[in-house]
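Here's the structure we're looking at; comments come further down.
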Amino acid sequence: MTENDAEKARPAGDRPDAEQSANWAAQPAPQQPDATGLGGHATPHTGAQQAYPAEQQQYNPWSPQAQQTQTQEHQAQGQYTQGHQIPGQQTPFTQPGPSVYAVPQQRQAQKSTSGKLLAGVAAIALVVGGVAGGTVGYLTGDGSGGSAVNALDAPKPAQQTGNLPAGSVESVAQKLSPSVVELQVSGRSGAGEGSGFVLSTDGYVLTNNHVVEVAAGGGQIQAVFQDGKKGTATVVGRDPTTDIAVVKVSGVSGLTPVELGRSDDLRVGQPVVAIGSPFELTGTVTSGIVSALNRPVSAGGNGDQTTVMSAVQTDAAINPGNSGGPLANMAGQVIGINSAIYSPKSAQGQGGESGGNVGIGFAIPIDQARRTADDIINTGQATQTFIGARVQTAPTGGAQLGEITPGSPAEKAGLKSGDVVTKLDDRSIPNADALVAEIRTRAPNDKVKFTLSGDKVIEVTLGGQPVTPN
């Protein structure tokens, strides 16, 4: 599809249905509008102040009248609470399909009341600990005058030695961490942080377009490595339509490239590890599984483009700052680029974003990223796969083709305006975004089979065209 084709595949914010229930966790620049998200609801205050007659100088809370009044108030509050949604119990996201959630380069931390909450929890823990300690001491004391056993008197265990277990999170972290880089980005429109990983010993680093976009056209990028080394990076090329970019770091030697895996043989349930710099915490390692595959995810870009990818979904913790970092299999091979998270609105009713991990993250499959990065390094531009047709979601499901560009792959294959695509090869196509995502996972000149409504099958040779960054 052309860049204009992507504009017709609507971003999640354009839909009035449940697909709108996700939002960008962070934008690389302030001028980028958020897609609409699922808002939280603050529970109204349910307390009531009881007024007493002026002549009632003394109020006895234990009197039958006072107790009856309190009972009525509590019952009224209970009935009121039952009829309203409690904060945090948001409507479940029930409709599958694209929604987005973009990934996060780092944003400044906001003040919150969490300190007070933590203080309260600590106080409770101390009280419980004191009571429990006294109880245990009473129960275990034998009254015989024998000496007590104290864990503090025991010697330290032997220090861990030997090689890390193969296939463990530890071994993946040890292998990959030296190749993961924190990218500190600034430009005329703002500043932020994200992650990337080393592709070559001469400094090529793969990351997300939305991580470095703010630095395009005269901004600055500083790369910070695990060992503390720092270098200046410049943008080699970027592709907003697939959210992929390549930068090159100078002034640093001894770089360790990652080992790239493959994403076409991933299995749901297999363990994965994510590494990045969430909330400026460089070198953070999290683990989880592949939760789903081929998840069509659309992320609004600058308002004039739509980013659509066929993503790998994972429950490994991904937070603002993880964008551009690697998602790896247990052999330490990179199988995806962490790029987006589902981030519901906060439950405070203020329209703010929670911006944190809720166990639903998305990564660009490495097979697609590898091809785009290779184009950028060799030519300075990414190549976008397209068919040359407008597309929208059909009322009965599938992707309905609109205007066909003369001389395009779609016209050459015999596709017509009004055709509804229900499958691409063996992949079901439930809507327009799914078709855009599937086409972009293929390479130019690939031959694919479109199944149309009525089970008509047409073979299409996909086209390719250079991407001009916004």
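Labels used: A, B, ... for chains in the order of the structure tokens, numbers from 1 for residues in each chain, and numbers from 1 for ligands as shown.
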
Legend entry - Residue neighbourhood Asn208 (chain A), 9 Å, only C-alpha atoms, exclusion window fewer than 5 positions, as an NGL selection string: :A and (103 or 194-196 or 213 or 238-240 or 242-246 or 323-325 or 337-339)

Inset, instruction - Please identify all polymer residues within 10 Å of region 423-431 of chain A, counting only C-alpha atoms, omitting same-chain residues fewer than 6 positions from it, and present them as a count of residues only. - result: 31

Inset, instruction - Write out as number ranges by chain all residues of region 141-350 of chain A that DSSP puts in strand (DSSP E) for this structure's backbone. - result: A: 180-187, 190-198, 204-207, 220-225, 230-239, 244-250, 259-260, 271-276, 284-300, 306-314, 326-328, 333-341

Legend entry - Contact residues around Ser179 (chain A) with only C-alpha atoms at 12 Å, ignoring same-chain residues under 4 positions, as a VMD selection string: chain A and resid 172 to 175 195 to 201 203 to 206 223 to 227 229 254 to 260 275 to 276 283 325 to 326 332 to 334

Would you export the selected residues with N, CA, C and O atoms as a compact mmCIF listing (two decimals), in the first residue's frame, please?
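In the end it all went to result38.txt:
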```txt
# COMPACT_ATOMS: atom_id res chain seq x y z
N VAL A 172 20.20 -14.85 29.10
CA VAL A 172 19.78 -13.91 28.05
C VAL A 172 20.21 -12.49 28.41
O VAL A 172 20.73 -11.75 27.58
N ALA A 173 20.01 -12.12 29.68
CA ALA A 173 20.39 -10.78 30.12
C ALA A 173 21.89 -10.57 29.98
O ALA A 173 22.35 -9.51 29.54
N GLN A 174 22.67 -11.58 30.37
CA GLN A 174 24.12 -11.46 30.27
C GLN A 174 24.57 -11.32 28.82
O GLN A 174 25.49 -10.54 28.51
N LYS A 175 23.93 -12.02 27.93
CA LYS A 175 24.31 -11.99 26.52
C LYS A 175 23.91 -10.67 25.84
O LYS A 175 24.69 -10.10 25.08
N SER A 195 15.05 3.36 23.78
CA SER A 195 16.07 2.31 23.77
C SER A 195 16.40 1.93 22.33
O SER A 195 15.70 2.31 21.39
N GLY A 196 17.44 1.17 22.17
CA GLY A 196 17.83 0.63 20.87
C GLY A 196 18.79 -0.52 21.11
O GLY A 196 19.14 -0.83 22.26
N PHE A 197 19.23 -1.16 20.03
CA PHE A 197 20.23 -2.23 20.18
C PHE A 197 21.18 -2.22 19.00
O PHE A 197 20.84 -1.83 17.89
N VAL A 198 22.41 -2.66 19.27
CA VAL A 198 23.52 -2.55 18.32
C VAL A 198 23.39 -3.60 17.22
O VAL A 198 23.22 -4.80 17.49
N LEU A 199 23.47 -3.14 15.97
CA LEU A 199 23.45 -4.03 14.82
C LEU A 199 24.85 -4.36 14.31
O LEU A 199 25.05 -5.44 13.74
N SER A 200 25.79 -3.44 14.50
CA SER A 200 27.11 -3.65 13.90
C SER A 200 28.20 -3.03 14.77
O SER A 200 27.96 -2.13 15.57
N THR A 201 29.42 -3.53 14.59
CA THR A 201 30.55 -3.03 15.37
C THR A 201 30.91 -1.60 15.02
O THR A 201 31.56 -0.91 15.80
N GLY A 203 28.73 0.80 14.68
CA GLY A 203 27.86 1.78 15.31
C GLY A 203 26.42 1.87 14.87
O GLY A 203 25.68 2.73 15.36
N TYR A 204 25.96 1.01 13.96
CA TYR A 204 24.55 1.08 13.57
C TYR A 204 23.68 0.52 14.70
O TYR A 204 23.95 -0.56 15.25
N VAL A 205 22.63 1.26 15.04
CA VAL A 205 21.72 0.90 16.12
C VAL A 205 20.29 0.94 15.59
O VAL A 205 19.89 1.90 14.93
N LEU A 206 19.52 -0.10 15.88
CA LEU A 206 18.12 -0.19 15.46
C LEU A 206 17.21 0.26 16.59
O LEU A 206 17.42 -0.10 17.75
N ALA A 223 23.83 8.39 22.86
CA ALA A 223 23.69 6.97 23.15
C ALA A 223 24.49 6.64 24.41
O ALA A 223 25.66 7.00 24.52
N VAL A 224 23.83 5.96 25.36
CA VAL A 224 24.49 5.57 26.61
C VAL A 224 24.45 4.05 26.71
O VAL A 224 23.38 3.44 26.67
N PHE A 225 25.64 3.44 26.89
CA PHE A 225 25.75 1.99 26.91
C PHE A 225 25.83 1.47 28.35
O PHE A 225 26.01 2.23 29.30
N GLN A 226 25.68 0.17 28.49
CA GLN A 226 25.63 -0.46 29.80
C GLN A 226 26.87 -0.17 30.64
O GLN A 226 26.78 0.02 31.85
N ASP A 227 28.02 -0.13 29.98
CA ASP A 227 29.27 0.09 30.71
C ASP A 227 29.56 1.56 30.98
O ASP A 227 30.63 1.91 31.48
N LYS A 229 29.74 3.97 28.67
CA LYS A 229 30.24 4.69 27.50
C LYS A 229 29.12 5.52 26.87
O LYS A 229 27.96 5.11 26.86
N GLY A 254 34.46 -0.93 20.29
CA GLY A 254 34.25 -2.18 21.00
C GLY A 254 32.79 -2.55 21.18
O GLY A 254 32.42 -3.19 22.17
N LEU A 255 31.93 -2.15 20.24
CA LEU A 255 30.50 -2.45 20.34
C LEU A 255 30.23 -3.93 20.03
O LEU A 255 30.91 -4.55 19.21
N THR A 256 29.22 -4.47 20.70
CA THR A 256 28.86 -5.88 20.53
C THR A 256 27.51 -5.97 19.83
O THR A 256 26.48 -5.61 20.42
N PRO A 257 27.46 -6.46 18.59
CA PRO A 257 26.17 -6.60 17.90
C PRO A 257 25.32 -7.70 18.53
O PRO A 257 25.84 -8.67 19.08
N VAL A 258 24.01 -7.55 18.43
CA VAL A 258 23.10 -8.60 18.88
C VAL A 258 23.09 -9.73 17.86
O VAL A 258 23.59 -9.58 16.74
N GLU A 259 22.51 -10.83 18.25
CA GLU A 259 22.23 -11.91 17.30
C GLU A 259 20.74 -11.84 16.96
O GLU A 259 19.90 -11.89 17.85
N LEU A 260 20.44 -11.69 15.68
CA LEU A 260 19.05 -11.61 15.24
C LEU A 260 18.47 -13.00 15.06
O LEU A 260 19.10 -13.87 14.46
N ILE A 275 14.44 -6.05 27.21
CA ILE A 275 15.49 -5.25 27.85
C ILE A 275 15.38 -3.82 27.33
O ILE A 275 15.17 -3.59 26.15
N GLY A 276 15.53 -2.85 28.23
CA GLY A 276 15.45 -1.46 27.82
C GLY A 276 15.67 -0.53 29.00
O GLY A 276 16.23 -0.92 30.03
N GLY A 283 19.07 -0.56 31.45
CA GLY A 283 19.43 -1.97 31.59
C GLY A 283 18.41 -2.80 32.32
O GLY A 283 18.75 -3.86 32.86
N GLY A 325 13.79 -1.10 22.27
CA GLY A 325 14.63 -2.14 22.86
C GLY A 325 14.26 -3.51 22.33
O GLY A 325 13.21 -3.71 21.72
N PRO A 326 15.11 -4.49 22.59
CA PRO A 326 14.90 -5.83 22.02
C PRO A 326 13.93 -6.69 22.83
O PRO A 326 13.89 -6.62 24.06
N GLY A 332 18.67 -15.83 23.49
CA GLY A 332 19.28 -14.51 23.44
C GLY A 332 19.25 -13.90 22.05
O GLY A 332 19.97 -12.93 21.78
N GLN A 333 18.42 -14.43 21.17
CA GLN A 333 18.28 -13.88 19.82
C GLN A 333 17.12 -12.88 19.78
O GLN A 333 16.05 -13.16 20.33
N VAL A 334 17.32 -11.75 19.15
CA VAL A 334 16.28 -10.71 19.08
C VAL A 334 15.20 -11.14 18.09
O VAL A 334 15.49 -11.41 16.92
```

Legend entry - Residues within 9 Å of Pro271 (chain A), only C-alpha atoms, excluding chain neighbours under 6 positions, as a PyMOL selection string: chain A and resi 287-290+328-330

Save the residues we just selected, N, CA and C atoms, as an mmCIF file, in the first residue's frame?
```cif
data_model
loop_
_atom_site.group_PDB
_atom_site.id
_atom_site.type_symbol
_atom_site.label_atom_id
_atom_site.label_comp_id
_atom_site.auth_asym_id
_atom_site.auth_seq_id
_atom_site.Cartn_x
_atom_site.Cartn_y
_atom_site.Cartn_z
ATOM 1 N N SER A 287 10.683 -10.346 31.939
ATOM 2 C CA SER A 287 10.426 -11.576 31.198
ATOM 3 C C SER A 287 8.939 -11.868 31.156
ATOM 4 N N GLY A 288 8.541 -12.677 30.195
ATOM 5 C CA GLY A 288 7.143 -13.065 30.046
ATOM 6 C C GLY A 288 7.027 -14.109 28.949
ATOM 7 N N ILE A 289 5.910 -14.089 28.267
ATOM 8 C CA ILE A 289 5.681 -15.039 27.173
ATOM 9 C C ILE A 289 5.163 -14.293 25.952
ATOM 10 N N VAL A 290 5.134 -14.983 24.828
ATOM 11 C CA VAL A 290 4.432 -14.490 23.650
ATOM 12 C C VAL A 290 2.947 -14.730 23.898
ATOM 13 N N ALA A 328 13.585 -10.720 23.090
ATOM 14 C CA ALA A 328 14.458 -11.828 22.707
ATOM 15 C C ALA A 328 13.872 -13.169 23.128
ATOM 16 N N ASN A 329 14.263 -14.201 22.396
ATOM 17 C CA ASN A 329 13.907 -15.561 22.810
ATOM 18 C C ASN A 329 14.916 -16.037 23.850
ATOM 19 N N MET A 330 14.757 -17.253 24.330
ATOM 20 C CA MET A 330 15.599 -17.721 25.425
ATOM 21 C C MET A 330 16.991 -18.162 24.975
#
```

Inset, instruction - Could you find all residues in region 157-205 of chain A that DSSP calls helix (DSSP H, G or I) from the backbone, and write them as a list in words? - result: Val169, Glu170, Ser171, Val172, Ala173, Gln174, Lys175, Leu176, Ser177, Pro178 and Ser179 of chain A

How close does each residue of region 244-301 of chain A get to region 358-363 of chain A, giving the shortest atom pair and distance in Å to one decimal for every residue with an atom at most 9 Å away, counting only C-alpha atoms, sorted by chain and residue number, as a Markdown table?
```
| residue | atom | partner | partner_atom | distance |
| --- | --- | --- | --- | --- |
| A:Ser291 | CA | A:Ile360 | CA | 8.3 |
| A:Arg295 | CA | A:Phe362 | CA | 8.4 |
| A:Val297 | CA | A:Phe362 | CA | 8.2 |
```

With the cut-off set at 12 Å and counting only C-alpha atoms, tabulate each residue of region 311-366 of chain A with an atom at most that distance from an atom of region 371-384 of chain A, showing the nearest atom pair and its distance in Å to one decimal, ordered by chain and increasing number, as JSON lines.
```
{"residue": "A:Ile337", "atom": "CA", "partner": "A:Ala373", "partner_atom": "CA", "distance": 11.9}
{"residue": "A:Ile364", "atom": "CA", "partner": "A:Thr372", "partner_atom": "CA", "distance": 11.3}
{"residue": "A:Pro365", "atom": "CA", "partner": "A:Arg371", "partner_atom": "CA", "distance": 10.6}
{"residue": "A:Ile366", "atom": "CA", "partner": "A:Arg371", "partner_atom": "CA", "distance": 8.5}
```

Inset, instruction - Name the residues in contact with Thr284 (chain A) at a cut-off of 9 Å, using only C-alpha atoms, excluding same-chain residues fewer than 5 positions from it; report them as a list in words. - result: Ser177, Ala274, Ile275, Gly276, Ser277, Pro278 and Asn322 of chain A

Only N, CA, C and O atoms, please: the residues just picked out, written as a PDB file, in the first residue's frame.
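selection.pdb, freshly written:
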```pdb
ATOM      1  N   SER A 177      22.528  -7.607  27.276  1.00  0.00           N
ATOM      2  CA  SER A 177      22.615  -6.295  27.929  1.00  0.00           C
ATOM      3  C   SER A 177      23.739  -5.408  27.391  1.00  0.00           C
ATOM      4  O   SER A 177      23.553  -4.195  27.225  1.00  0.00           O
ATOM      5  N   ALA A 274      12.499  -8.987  27.657  1.00  0.00           N
ATOM      6  CA  ALA A 274      12.582  -7.618  27.143  1.00  0.00           C
ATOM      7  C   ALA A 274      13.647  -6.859  27.919  1.00  0.00           C
ATOM      8  O   ALA A 274      13.758  -6.998  29.141  1.00  0.00           O
ATOM      9  N   ILE A 275      14.437  -6.053  27.211  1.00  0.00           N
ATOM     10  CA  ILE A 275      15.487  -5.255  27.850  1.00  0.00           C
ATOM     11  C   ILE A 275      15.381  -3.824  27.331  1.00  0.00           C
ATOM     12  O   ILE A 275      15.167  -3.593  26.148  1.00  0.00           O
ATOM     13  N   GLY A 276      15.525  -2.852  28.226  1.00  0.00           N
ATOM     14  CA  GLY A 276      15.449  -1.456  27.823  1.00  0.00           C
ATOM     15  C   GLY A 276      15.673  -0.528  29.002  1.00  0.00           C
ATOM     16  O   GLY A 276      16.234  -0.924  30.030  1.00  0.00           O
ATOM     17  N   SER A 277      15.216   0.712  28.833  1.00  0.00           N
ATOM     18  CA  SER A 277      15.427   1.754  29.844  1.00  0.00           C
ATOM     19  C   SER A 277      14.110   2.386  30.271  1.00  0.00           C
ATOM     20  O   SER A 277      13.875   3.572  30.044  1.00  0.00           O
ATOM     21  N   PRO A 278      13.211   1.620  30.883  1.00  0.00           N
ATOM     22  CA  PRO A 278      11.938   2.200  31.303  1.00  0.00           C
ATOM     23  C   PRO A 278      12.126   3.232  32.409  1.00  0.00           C
ATOM     24  O   PRO A 278      12.850   2.986  33.368  1.00  0.00           O
ATOM     25  N   ASN A 322      11.075   1.862  27.195  1.00  0.00           N
ATOM     26  CA  ASN A 322      11.413   0.564  26.593  1.00  0.00           C
ATOM     27  C   ASN A 322      11.367   0.605  25.069  1.00  0.00           C
ATOM     28  O   ASN A 322      11.885  -0.304  24.407  1.00  0.00           O
TER      29      ASN A 322
END
```

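Take the candidates A:Lys156, A:Lys456, A:Arg262, A:Arg188 and check each one against Val421 (chain A) using only C-alpha atoms; the shortest distance goes to A:Lys456.
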